[in-house]
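*Asks:* One structure coming up, written as structure tokens, with questions to follow.
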Amino acid sequence: MNKKILALLSVLTVGPLSLLAQTPPTGTPPAAPAPAAPAAPSMAFTVTPSVVSAYMFRGVRLGGAAIEPQVQMDYGNLSLWVWANFPFDNKVPGQSDPEIDPSGSYKFVVSESLNIQPGFTWYTYVRADKKNGFYKGTFEPNLAVNYTVGGLTLTPKLYYDAVLQGPTAELNAAYTVPLKELGTELDFTGTAGTYKWKTAVPDVNPEIKNWGDYWLVGVALPFQITKESKVTLGYAYTEGRNNFFKQGTAGKSANAGAIGKSVVSLSVAISF
């Protein structure tokens with residue numbers, strides 16, 4: 001249960017057009033020129049409407065085919081975005097129509113191959129029905145470490161949902177294969193994760209726990225249409241395993257939504 005944007009505004013710091021030097025006293029070295037001030041970060045926006053064949057989250061099927069729009073703002077190492085899911089069919093009554101998730105992250109660069117990226121996601125369910133066991137929203141901060149070696153990017157990531165009261169641990173991998181003759185590339189991704197939530201359902205006593213494992217493999221094929229836009233065709237297979245609910249001392253029950261599923265996606269990214 002994942003940045004390539006054109007600048008909208010550039011602020012350039014221009015040094016003096018000329019510098020009149022005076023001859024220094026004998027034996028005194030010339031003064032070094034003052035270093036140029038660094039350029040201010042640029043701001044950029046990207047709008048990405050997508051269509052997906054199913055909505056899968058950490059190995060659990062949450063809905064069928066859907067529109068998934070996203071709007072993102074980048075300012076230097078800061079990224080803020082809003083992602084949403086509007087299902088066409090197989091909606092979860094009282095919850096999944098729609099889901100709107102504001103998110104953000106900030107990248108601290110350690111070296112060319114290593115950075116640390118804290119972030120958050122605020123999951124919101126506009127029509128959630130708490131009487132039938134759905135949350136109106138949950139809040140999940142996260143911390144990722146991105147390390148690149150030999151073209152392979154490895155990203156261990158830790159989440160903690162403050163409402164569901166439980167952690168999620170993930171290991172992500174990404175690798176790109178250039179297709180120069182076609183003017184594109186193949187972007188391969190893989191994910192393996194596990195989670196355990198203490199309060200999976202609101203306002204019940206004893207509490208209902210939920211835990212499970214999941215994995216995903218995927219590939220994406222982007223095509224640059226203009227300097228500001230591209231189309232991406234994607235395919236992924238994801239699967240949930242060992243996923244159970246348990247209330248108090250009662251026996252555990254399998255989560256029927258944890259399945260194996262192929263997902264096809266088509267997106268258009270427009271930057272400005």
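Quick note on naming: the chains in the structure tokens go A, B, ... in the order shown, residues restart at 1 in each chain, and ligands are numbered from 1 in order of appearance.
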Near Pro167 of chain A, counting only C-alpha atoms, which residues have an atom at most 8 Å away, once you skip same-chain residues fewer than 5 positions from it, shown as JSON, numbers by chain?
*Replies:* {"A": [158, 159, 160, 161, 195, 196, 197]}
*Asks:* Emit the selected residues as a PDB file, in the first residue's frame, including N, CA and C atoms.
*Replies:*
```pdb
ATOM      1  N   LEU A 158       8.148   2.777   7.475  1.00  0.00           N
ATOM      2  CA  LEU A 158       7.382   2.443   8.663  1.00  0.00           C
ATOM      3  C   LEU A 158       6.238   3.434   8.829  1.00  0.00           C
ATOM      4  N   TYR A 159       5.022   2.905   9.036  1.00  0.00           N
ATOM      5  CA  TYR A 159       3.829   3.717   9.243  1.00  0.00           C
ATOM      6  C   TYR A 159       3.288   3.429  10.659  1.00  0.00           C
ATOM      7  N   TYR A 160       2.538   4.393  11.188  1.00  0.00           N
ATOM      8  CA  TYR A 160       1.779   4.124  12.410  1.00  0.00           C
ATOM      9  C   TYR A 160       0.457   4.877  12.339  1.00  0.00           C
ATOM     10  N   ASP A 161      -0.643   4.140  12.336  1.00  0.00           N
ATOM     11  CA  ASP A 161      -1.960   4.761  12.277  1.00  0.00           C
ATOM     12  C   ASP A 161      -2.409   5.118  13.688  1.00  0.00           C
ATOM     13  N   TYR A 195       1.110  -5.595   8.631  1.00  0.00           N
ATOM     14  CA  TYR A 195       0.518  -4.607   9.535  1.00  0.00           C
ATOM     15  C   TYR A 195      -0.254  -5.300  10.636  1.00  0.00           C
ATOM     16  N   LYS A 196      -0.476  -4.543  11.727  1.00  0.00           N
ATOM     17  CA  LYS A 196      -1.285  -5.041  12.843  1.00  0.00           C
ATOM     18  C   LYS A 196      -1.964  -3.862  13.500  1.00  0.00           C
ATOM     19  N   TRP A 197      -3.312  -3.836  13.455  1.00  0.00           N
ATOM     20  CA  TRP A 197      -4.088  -2.743  14.010  1.00  0.00           C
ATOM     21  C   TRP A 197      -4.870  -3.229  15.231  1.00  0.00           C
TER      22      TRP A 197
END
```
*Asks:* What's the 8 Å shell around Thr46 of chain A, counting only C-alpha atoms, without same-chain residues fewer than 5 positions away, as a list in words?
*Replies:*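 Close residues of Thr46 of chain A: Ile5, Val71, Gln72, Met73, Ala269, Ile270, Ser271 and Phe272 of chain A.
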*Asks:* Just give me the gap between atom CA of Leu62 of chain A and atom CA of Ser50 of chain A in Å, one decimal is fine.
*Replies:*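 Separating atom CA of Leu62 of chain A from atom CA of Ser50 of chain A is a distance of 16.8 Å.
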*Asks:* I need the residue nearest Leu266 of chain A from this list: A:Val52, A:Gly104, A:Phe245, A:Ala173. Use only C-alpha atoms for the distance.
*Replies:*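 Counting only C-alpha atoms, the residue closest to Leu266 of chain A is A:Val52.
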*Asks:* List the spatial neighbours of segment 116-120 of chain A as a ChimeraX atom specification - criterion: any atom at most 10 Å away, only C-alpha atoms, same-chain residues fewer than 3 positions off excluded.
*Replies:* /A:77-80,101-110,123,139-147,155,157-161
*Asks:* Keeping only N, CA and C atoms, write the selected residues as a JSON list (two decimals), in the first residue's frame.
*Replies:*
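So out-v5.json came out as:
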```json
[["chain", "number", "residue", "atom", "x", "y", "z"],
["A", 77, "ASN", "N", 12.14, 20.43, -1.53],
["A", 77, "ASN", "CA", 12.04, 19.05, -1.05],
["A", 77, "ASN", "C", 10.69, 18.73, -0.39],
["A", 78, "LEU", "N", 9.79, 19.71, -0.38],
["A", 78, "LEU", "CA", 8.47, 19.52, 0.20],
["A", 78, "LEU", "C", 7.46, 19.13, -0.87],
["A", 79, "SER", "N", 6.68, 18.08, -0.59],
["A", 79, "SER", "CA", 5.60, 17.66, -1.49],
["A", 79, "SER", "C", 4.30, 17.56, -0.70],
["A", 80, "LEU", "N", 3.23, 18.13, -1.25],
["A", 80, "LEU", "CA", 1.89, 18.01, -0.69],
["A", 80, "LEU", "C", 0.95, 17.58, -1.80],
["A", 101, "ASP", "N", -7.77, 11.57, 0.34],
["A", 101, "ASP", "CA", -6.64, 11.47, 1.25],
["A", 101, "ASP", "C", -5.61, 12.58, 1.03],
["A", 102, "PRO", "N", -5.59, 13.62, 1.86],
["A", 102, "PRO", "CA", -4.48, 14.57, 1.83],
["A", 102, "PRO", "C", -3.21, 13.92, 2.38],
["A", 103, "SER", "N", -2.07, 14.21, 1.76],
["A", 103, "SER", "CA", -0.79, 13.61, 2.17],
["A", 103, "SER", "C", 0.32, 14.63, 1.99],
["A", 104, "GLY", "N", 1.48, 14.32, 2.58],
["A", 104, "GLY", "CA", 2.64, 15.17, 2.42],
["A", 104, "GLY", "C", 3.91, 14.46, 2.82],
["A", 105, "SER", "N", 5.05, 14.99, 2.37],
["A", 105, "SER", "CA", 6.35, 14.45, 2.77],
["A", 105, "SER", "C", 7.41, 15.52, 2.59],
["A", 106, "TYR", "N", 8.53, 15.32, 3.27],
["A", 106, "TYR", "CA", 9.68, 16.21, 3.13],
["A", 106, "TYR", "C", 10.94, 15.35, 3.04],
["A", 107, "LYS", "N", 11.80, 15.65, 2.06],
["A", 107, "LYS", "CA", 12.99, 14.85, 1.82],
["A", 107, "LYS", "C", 14.23, 15.54, 2.39],
["A", 108, "PHE", "N", 14.91, 14.84, 3.29],
["A", 108, "PHE", "CA", 16.19, 15.30, 3.83],
["A", 108, "PHE", "C", 17.31, 14.54, 3.10],
["A", 109, "VAL", "N", 18.09, 15.25, 2.30],
["A", 109, "VAL", "CA", 19.12, 14.61, 1.49],
["A", 109, "VAL", "C", 20.38, 14.40, 2.33],
["A", 110, "VAL", "N", 20.82, 13.15, 2.44],
["A", 110, "VAL", "CA", 22.04, 12.81, 3.15],
["A", 110, "VAL", "C", 23.22, 12.75, 2.19],
["A", 123, "TYR", "N", -6.42, 9.72, 5.89],
["A", 123, "TYR", "CA", -7.45, 9.00, 5.14],
["A", 123, "TYR", "C", -8.82, 9.52, 5.57],
["A", 139, "PHE", "N", -5.46, 8.85, 10.71],
["A", 139, "PHE", "CA", -4.26, 9.64, 10.44],
["A", 139, "PHE", "C", -3.03, 8.76, 10.62],
["A", 140, "GLU", "N", -2.16, 8.75, 9.59],
["A", 140, "GLU", "CA", -1.03, 7.82, 9.59],
["A", 140, "GLU", "C", 0.27, 8.52, 9.21],
["A", 141, "PRO", "N", 1.10, 8.93, 10.18],
["A", 141, "PRO", "CA", 2.44, 9.42, 9.84],
["A", 141, "PRO", "C", 3.32, 8.25, 9.39],
["A", 142, "ASN", "N", 4.39, 8.57, 8.66],
["A", 142, "ASN", "CA", 5.28, 7.53, 8.17],
["A", 142, "ASN", "C", 6.70, 8.06, 8.07],
["A", 143, "LEU", "N", 7.64, 7.14, 7.96],
["A", 143, "LEU", "CA", 9.05, 7.50, 7.82],
["A", 143, "LEU", "C", 9.70, 6.52, 6.84],
["A", 144, "ALA", "N", 10.31, 7.06, 5.77],
["A", 144, "ALA", "CA", 10.94, 6.24, 4.74],
["A", 144, "ALA", "C", 12.42, 6.58, 4.62],
["A", 145, "VAL", "N", 13.20, 5.59, 4.27],
["A", 145, "VAL", "CA", 14.61, 5.77, 3.94],
["A", 145, "VAL", "C", 14.81, 5.28, 2.52],
["A", 146, "ASN", "N", 15.30, 6.15, 1.63],
["A", 146, "ASN", "CA", 15.51, 5.80, 0.22],
["A", 146, "ASN", "C", 17.00, 5.65, -0.06],
["A", 147, "TYR", "N", 17.39, 4.45, -0.50],
["A", 147, "TYR", "CA", 18.80, 4.19, -0.79],
["A", 147, "TYR", "C", 18.92, 3.60, -2.19],
["A", 155, "THR", "N", 13.55, 1.04, -0.43],
["A", 155, "THR", "CA", 12.89, 1.97, 0.48],
["A", 155, "THR", "C", 12.19, 1.21, 1.60],
["A", 157, "LYS", "N", 10.07, 1.35, 4.88],
["A", 157, "LYS", "CA", 9.14, 2.40, 5.30],
["A", 157, "LYS", "C", 8.31, 1.91, 6.49],
["A", 158, "LEU", "N", 8.15, 2.78, 7.47],
["A", 158, "LEU", "CA", 7.38, 2.44, 8.66],
["A", 158, "LEU", "C", 6.24, 3.43, 8.83],
["A", 159, "TYR", "N", 5.02, 2.91, 9.04],
["A", 159, "TYR", "CA", 3.83, 3.72, 9.24],
["A", 159, "TYR", "C", 3.29, 3.43, 10.66],
["A", 160, "TYR", "N", 2.54, 4.39, 11.19],
["A", 160, "TYR", "CA", 1.78, 4.12, 12.41],
["A", 160, "TYR", "C", 0.46, 4.88, 12.34],
["A", 161, "ASP", "N", -0.64, 4.14, 12.34],
["A", 161, "ASP", "CA", -1.96, 4.76, 12.28],
["A", 161, "ASP", "C", -2.41, 5.12, 13.69]]
```
*Asks:* Which residue out of A:Thr249, A:Leu179, A:Ser111, A:Tyr75 has the minimum interatomic distance to Pro41 of chain A when only C-alpha atoms are used?
*Replies:*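 Result for the nearest residue to Pro41 of chain A: A:Tyr75.
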*Asks:* Please identify which residues in segment 23-244 of chain A DSSP calls strand (DSSP E or B) from the backbone, and express them as a ChimeraX atom specification.
*Replies:* /A:40-48,50-52,55-57,60-63,66-67,70-75,78-87,99-106,108-111,114-125,137-149,152-161,166-179,184-197,208-226,229-244
*Asks:* Given the choices A:Ala256, A:Ala174, A:Val126, A:Val149, which gets closest to Val219 of chain A if the distance is worked out from only C-alpha atoms?
*Replies:*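 Checking each of A:Ala256, A:Ala174, A:Val126, A:Val149 against Val219 of chain A, counting only C-alpha atoms, the winner is A:Ala174.
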*Asks:* Would you please work out which residue, of A:Phe88, A:Pro202, A:Ala66, A:Asn172, is nearest to Asn132 of chain A when using only C-alpha atoms?
*Replies:*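 With only C-alpha atoms as the atom set, the closest residue is A:Pro202.
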*Asks:* Using only C-alpha atoms, which residue out of A:Tyr135, A:Phe86, A:Trp81, A:Trp211 lies closest to Asn255 of chain A?
*Replies:*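 Of A:Tyr135, A:Phe86, A:Trp81, A:Trp211, the one nearest Asn255 of chain A is A:Trp211, counting only C-alpha atoms.
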*Asks:* Near segment 258-262 of chain A, within 12 Å and counting only C-alpha atoms, which residues show up once chain neighbours fewer than 3 positions away are dropped, as a ChimeraX atom specification?
*Replies:* /A:52-65,210-219,234-245,253-255,265
*Asks:* Quick one: distance from atom CA of Phe223 of chain A to atom CA of Gly151 of chain A in Å, one decimal?
*Replies:*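 Atom-to-atom, atom CA of Phe223 of chain A to atom CA of Gly151 of chain A, that is 20.5 Å.
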*Asks:* What's the separation between atom CA of Lys180 of chain A and atom CA of Pro222 of chain A, in Å to one decimal place?
*Replies:* 12.5 Å
*Asks:* A:Ala44, A:Ala84, A:Ala192, A:Ile208: which is nearest Thr168 of chain A, counting only C-alpha atoms?
*Replies:*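 Among the listed residues, the smallest separation from Thr168 of chain A belongs to A:Ala192.
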*Asks:* Which residues, written as JSON, numbers by chain, have at least one atom at most 9 Å from Gly248 of chain A, with only C-alpha atoms counted and residues fewer than 3 positions away on the same chain left out?
*Replies:* {"A": [205, 206, 207, 208, 209, 251]}
